[in-house]
Amino acid sequence: MDRTQTLRSLRDFLCDEAGAKAIGYLLIIAVVMAMGTSLNAMY
Amino acid sequence: MDNFFARQLATYASYHRDERNRATHFVGIPAIVFSILVPLALVRADGISAAMAVALLAVIGWIALDRIIGCALTVVMLPMLLVAEWLARSYGSTISWIVFAVFFIGGWVFQLAGHVWEGRRPALTDNLFQAFIGPMFIMAEVLMALGLKQDLKAAIER
(Lines give C-alpha, C1' and ligand atoms only; values in the text may rest on other atoms or scores of the structure.)
Protein backbone atom coordinates (compact mmCIF):
# COMPACT_ATOMS: atom_id res chain seq x y z
CA MET A 1 0.00 0.00 0.00
CA ASP A 2 1.59 3.31 -1.02
CA ARG A 3 1.51 6.55 0.96
CA THR A 4 -1.50 7.97 -0.88
CA GLN A 5 -3.54 4.84 -0.23
CA THR A 6 -2.51 4.82 3.44
CA LEU A 7 -3.56 8.46 3.84
CA ARG A 8 -6.84 7.76 2.04
CA SER A 9 -7.53 4.79 4.32
CA LEU A 10 -6.77 6.93 7.38
CA ARG A 11 -9.04 9.71 6.13
CA ASP A 12 -11.85 7.25 5.40
CA PHE A 13 -11.47 5.77 8.89
CA LEU A 14 -11.57 9.21 10.57
CA CYS A 15 -14.65 10.26 8.58
CA ASP A 16 -16.41 7.01 9.39
CA GLU A 17 -18.49 6.32 12.51
CA ALA A 18 -15.80 4.06 14.04
CA GLY A 19 -13.04 6.64 13.54
CA ALA A 20 -15.11 9.54 14.85
CA LYS A 21 -16.07 7.57 17.95
CA ALA A 22 -12.45 6.46 18.44
CA ILE A 23 -11.26 10.09 18.39
CA GLY A 24 -14.14 11.24 20.63
CA TYR A 25 -13.51 8.64 23.32
CA LEU A 26 -9.72 8.93 22.99
CA LEU A 27 -10.11 12.65 23.59
CA ILE A 28 -12.18 12.08 26.73
CA ILE A 29 -9.63 9.56 28.07
CA ALA A 30 -6.72 11.91 27.21
CA VAL A 31 -8.39 14.82 29.02
CA VAL A 32 -9.07 12.74 32.15
CA MET A 33 -5.53 11.30 32.23
CA ALA A 34 -3.82 14.65 31.59
CA MET A 35 -5.93 16.36 34.24
CA GLY A 36 -5.00 13.62 36.68
CA THR A 37 -1.31 14.17 35.86
CA SER A 38 -1.72 17.92 36.24
CA LEU A 39 -3.48 17.58 39.59
CA ASN A 40 -0.95 15.02 40.80
CA ALA A 41 1.93 17.37 39.93
CA MET A 42 0.55 19.94 42.36
CA TYR A 43 1.35 17.73 45.35
CA MET B 1 -28.01 14.63 4.28
CA ASP B 2 -28.05 11.46 6.35
CA ASN B 3 -24.50 10.61 7.36
CA PHE B 4 -23.11 9.77 10.79
CA PHE B 5 -22.41 13.43 11.68
CA ALA B 6 -25.90 14.57 10.67
CA ARG B 7 -27.43 11.83 12.84
CA GLN B 8 -25.29 12.81 15.82
CA LEU B 9 -26.17 16.47 15.29
CA ALA B 10 -29.87 15.60 15.08
CA THR B 11 -29.61 13.66 18.36
CA TYR B 12 -27.88 16.60 20.03
CA ALA B 13 -30.49 19.01 18.65
CA SER B 14 -33.32 16.87 20.03
CA TYR B 15 -32.00 17.62 23.54
CA HIS B 16 -31.82 21.34 22.77
CA ARG B 17 -35.16 22.52 21.38
CA ASP B 18 -35.69 25.41 23.81
CA GLU B 19 -34.18 28.70 22.57
CA ARG B 20 -33.09 29.63 26.11
CA ASN B 21 -31.28 26.31 26.44
CA ARG B 22 -29.49 26.87 23.12
CA ALA B 23 -28.53 30.39 24.27
CA THR B 24 -26.99 29.19 27.54
CA HIS B 25 -24.89 26.69 25.59
CA PHE B 26 -23.28 29.54 23.64
CA VAL B 27 -21.71 30.59 26.96
CA GLY B 28 -21.43 27.22 28.70
CA ILE B 29 -19.68 25.17 26.02
CA PRO B 30 -16.84 27.66 25.25
CA ALA B 31 -16.36 28.22 29.01
CA ILE B 32 -16.06 24.49 29.68
CA VAL B 33 -13.74 23.86 26.71
CA PHE B 34 -11.49 26.75 27.78
CA SER B 35 -11.51 25.60 31.42
CA ILE B 36 -10.25 22.13 30.45
CA LEU B 37 -7.37 23.56 28.41
CA VAL B 38 -5.98 25.58 31.33
CA PRO B 39 -4.83 22.75 33.66
CA LEU B 40 -3.82 20.66 30.63
CA ALA B 41 -1.42 23.46 29.66
CA LEU B 42 0.45 22.74 32.92
CA VAL B 43 1.44 19.26 31.70
CA ARG B 44 4.40 19.58 29.34
CA ALA B 45 6.90 17.32 27.60
CA ASP B 46 9.51 18.58 25.11
CA GLY B 47 7.77 21.93 24.81
CA ILE B 48 4.45 20.35 23.86
CA SER B 49 1.64 20.68 26.38
CA ALA B 50 -1.22 18.28 26.92
CA ALA B 51 -3.54 21.18 26.00
CA MET B 52 -1.89 21.42 22.57
CA ALA B 53 -2.14 17.65 22.03
CA VAL B 54 -5.79 17.50 23.12
CA ALA B 55 -6.72 20.57 21.04
CA LEU B 56 -5.01 19.04 17.99
CA LEU B 57 -6.80 15.72 18.46
CA ALA B 58 -10.13 17.53 18.86
CA VAL B 59 -9.76 19.62 15.70
CA ILE B 60 -8.66 16.56 13.69
CA GLY B 61 -11.83 14.79 14.81
CA TRP B 62 -14.05 17.80 14.12
CA ILE B 63 -12.51 18.43 10.67
CA ALA B 64 -12.94 14.73 9.82
CA LEU B 65 -16.64 14.96 10.67
CA ASP B 66 -17.21 18.28 8.88
CA ARG B 67 -14.48 20.32 7.22
CA ILE B 68 -16.11 23.75 7.46
CA ILE B 69 -17.30 23.39 11.05
CA GLY B 70 -13.97 21.83 12.03
CA CYS B 71 -11.96 24.68 10.48
CA ALA B 72 -14.21 27.28 12.14
CA LEU B 73 -13.71 25.54 15.49
CA THR B 74 -9.94 25.56 14.91
CA VAL B 75 -10.11 29.36 14.59
CA VAL B 76 -11.96 29.52 17.93
CA MET B 77 -9.72 26.96 19.66
CA LEU B 78 -6.48 28.75 18.81
CA PRO B 79 -6.99 31.89 20.96
CA MET B 80 -8.41 29.74 23.77
CA LEU B 81 -5.30 27.56 23.65
CA LEU B 82 -2.98 30.60 23.59
CA VAL B 83 -4.69 32.15 26.63
CA ALA B 84 -4.61 28.81 28.48
CA GLU B 85 -0.88 28.43 27.72
CA TRP B 86 -0.19 32.01 28.84
CA LEU B 87 -2.13 31.51 32.09
CA ALA B 88 -0.34 28.27 32.90
CA ARG B 89 3.13 29.66 32.13
CA SER B 90 2.59 33.01 33.84
CA TYR B 91 0.63 32.07 36.95
CA GLY B 92 1.37 28.41 37.65
CA SER B 93 -0.78 25.62 38.94
CA THR B 94 -2.78 27.19 41.79
CA ILE B 95 -4.18 30.05 39.70
CA SER B 96 -4.67 27.74 36.71
CA TRP B 97 -6.78 25.34 38.78
CA ILE B 98 -8.78 28.25 40.21
CA VAL B 99 -9.44 29.49 36.65
CA PHE B 100 -10.45 25.95 35.72
CA ALA B 101 -12.88 25.70 38.64
CA VAL B 102 -14.49 29.09 37.92
CA PHE B 103 -14.99 28.48 34.20
CA PHE B 104 -15.88 24.79 34.50
CA ILE B 105 -18.43 25.24 37.29
CA GLY B 106 -19.70 28.50 35.77
CA GLY B 107 -20.06 26.85 32.37
CA TRP B 108 -22.01 23.94 33.84
CA VAL B 109 -24.29 26.31 35.77
CA PHE B 110 -25.22 27.90 32.43
CA GLN B 111 -25.65 24.50 30.77
CA LEU B 112 -27.78 23.04 33.54
CA ALA B 113 -29.93 26.17 33.81
CA GLY B 114 -30.69 25.73 30.12
CA HIS B 115 -31.61 22.10 30.64
CA VAL B 116 -33.98 23.06 33.47
CA TRP B 117 -35.84 25.27 30.96
CA GLU B 118 -35.65 22.49 28.40
CA GLY B 119 -37.01 19.98 30.88
CA ARG B 120 -34.58 17.37 29.59
CA ARG B 121 -31.21 16.21 30.90
CA PRO B 122 -27.98 16.87 28.96
CA ALA B 123 -27.35 14.63 25.93
CA LEU B 124 -24.03 13.35 27.25
CA THR B 125 -25.78 11.65 30.18
CA ASP B 126 -27.26 9.23 27.63
CA ASN B 127 -24.27 9.07 25.27
CA LEU B 128 -20.83 10.38 26.27
CA PHE B 129 -19.87 10.87 22.62
CA GLN B 130 -22.34 13.76 22.50
CA ALA B 131 -19.80 15.80 24.54
CA PHE B 132 -17.66 15.78 21.37
CA ILE B 133 -20.61 17.00 19.27
CA GLY B 134 -21.60 19.93 21.55
CA PRO B 135 -19.00 22.43 20.23
CA MET B 136 -19.86 21.40 16.65
CA PHE B 137 -23.56 22.04 17.29
CA ILE B 138 -22.86 25.57 18.56
CA MET B 139 -20.62 26.30 15.56
CA ALA B 140 -23.21 24.83 13.18
CA GLU B 141 -25.79 27.22 14.65
CA VAL B 142 -23.44 30.20 14.14
CA LEU B 143 -22.62 29.20 10.56
CA MET B 144 -26.29 28.62 9.72
CA ALA B 145 -27.16 32.05 11.13
CA LEU B 146 -24.53 33.45 8.74
CA GLY B 147 -26.20 31.68 5.84
CA LEU B 148 -23.68 28.83 5.64
CA LYS B 149 -24.14 25.08 6.22
CA GLN B 150 -27.80 25.19 5.24
CA ASP B 151 -27.50 21.48 4.41
CA LEU B 152 -27.49 20.75 8.15
CA LYS B 153 -30.67 22.72 8.83
CA ALA B 154 -32.93 19.81 7.96
CA ALA B 155 -30.97 17.47 10.26
CA ILE B 156 -31.11 19.88 13.19
CA GLU B 157 -34.78 20.81 12.78
CA ARG B 158 -35.92 17.24 12.21
# chains A, B, ... in the order shown; residues from 1 in each chain; ligands from 1

$ closest_atom_pairs --of "chain B" --to "chain A" --cutoff "12 Å" --atoms "only C-alpha atoms" --output "CSV"
residue,atom,partner,partner_atom,distance
B:Asn3,CA,A:Glu17,CA,9.0
B:Phe4,CA,A:Glu17,CA,6.0
B:Phe5,CA,A:Glu17,CA,8.2
B:Ala6,CA,A:Glu17,CA,11.2
B:Arg7,CA,A:Glu17,CA,10.5
B:Gln8,CA,A:Glu17,CA,10.0
B:Val33,CA,A:Val31,CA,10.8
B:Ser35,CA,A:Met35,CA,11.2
B:Ile36,CA,A:Val31,CA,7.7
B:Leu37,CA,A:Val31,CA,8.8
B:Val38,CA,A:Met35,CA,9.7
B:Pro39,CA,A:Ser38,CA,6.3
B:Leu40,CA,A:Met35,CA,6.0
B:Ala41,CA,A:Ser38,CA,8.6
B:Leu42,CA,A:Ser38,CA,6.2
B:Val43,CA,A:Ser38,CA,5.7
B:Arg44,CA,A:Ser38,CA,9.4
B:Ala45,CA,A:Ala34,CA,11.7
B:Ser49,CA,A:Ala34,CA,9.7
B:Ala50,CA,A:Ala34,CA,6.5
B:Ala51,CA,A:Val31,CA,8.6
B:Met52,CA,A:Val31,CA,11.3
B:Ala53,CA,A:Ala30,CA,9.0
B:Val54,CA,A:Leu27,CA,6.5
B:Ala55,CA,A:Leu27,CA,9.0
B:Leu56,CA,A:Leu27,CA,9.9
B:Leu57,CA,A:Leu27,CA,6.8
B:Ala58,CA,A:Leu27,CA,6.8
B:Val59,CA,A:Ile23,CA,10.0
B:Ile60,CA,A:Ile23,CA,8.4
B:Gly61,CA,A:Ile23,CA,5.9
B:Trp62,CA,A:Ala20,CA,8.4
B:Ile63,CA,A:Cys15,CA,8.7
B:Ala64,CA,A:Cys15,CA,4.9
B:Leu65,CA,A:Cys15,CA,5.5
B:Asp66,CA,A:Cys15,CA,8.4
B:Arg67,CA,A:Cys15,CA,10.2
B:Ala88,CA,A:Ser38,CA,11.0
B:Gly92,CA,A:Met42,CA,9.7
B:Ser93,CA,A:Met42,CA,6.8
B:Thr94,CA,A:Met42,CA,8.0
B:Ile95,CA,A:Met42,CA,11.5
B:Ser96,CA,A:Ser38,CA,10.3
B:Trp97,CA,A:Leu39,CA,8.5
B:Ile98,CA,A:Leu39,CA,11.9
B:Phe100,CA,A:Met35,CA,10.7
B:Leu124,CA,A:Ile28,CA,11.9
B:Asn127,CA,A:Tyr25,CA,10.9
B:Leu128,CA,A:Tyr25,CA,8.1
B:Phe129,CA,A:Gly24,CA,6.1
B:Gln130,CA,A:Gly24,CA,8.8
B:Ala131,CA,A:Gly24,CA,8.3
B:Phe132,CA,A:Gly24,CA,5.8
B:Ile133,CA,A:Gly24,CA,8.8
B:Gly134,CA,A:Gly24,CA,11.5

$ atom_distance --atom1 "CA of Met139 (chain B)" --atom2 "CA of Ile69 (chain B)"
6.3 Å

$ atom_distance --atom1 "CA of Arg8 (chain A)" --atom2 "CA of Asp151 (chain B)"
24.9 Å

$ atom_distance --atom1 "CA of Gly114 (chain B)" --atom2 "CA of Ala145 (chain B)"
20.3 Å
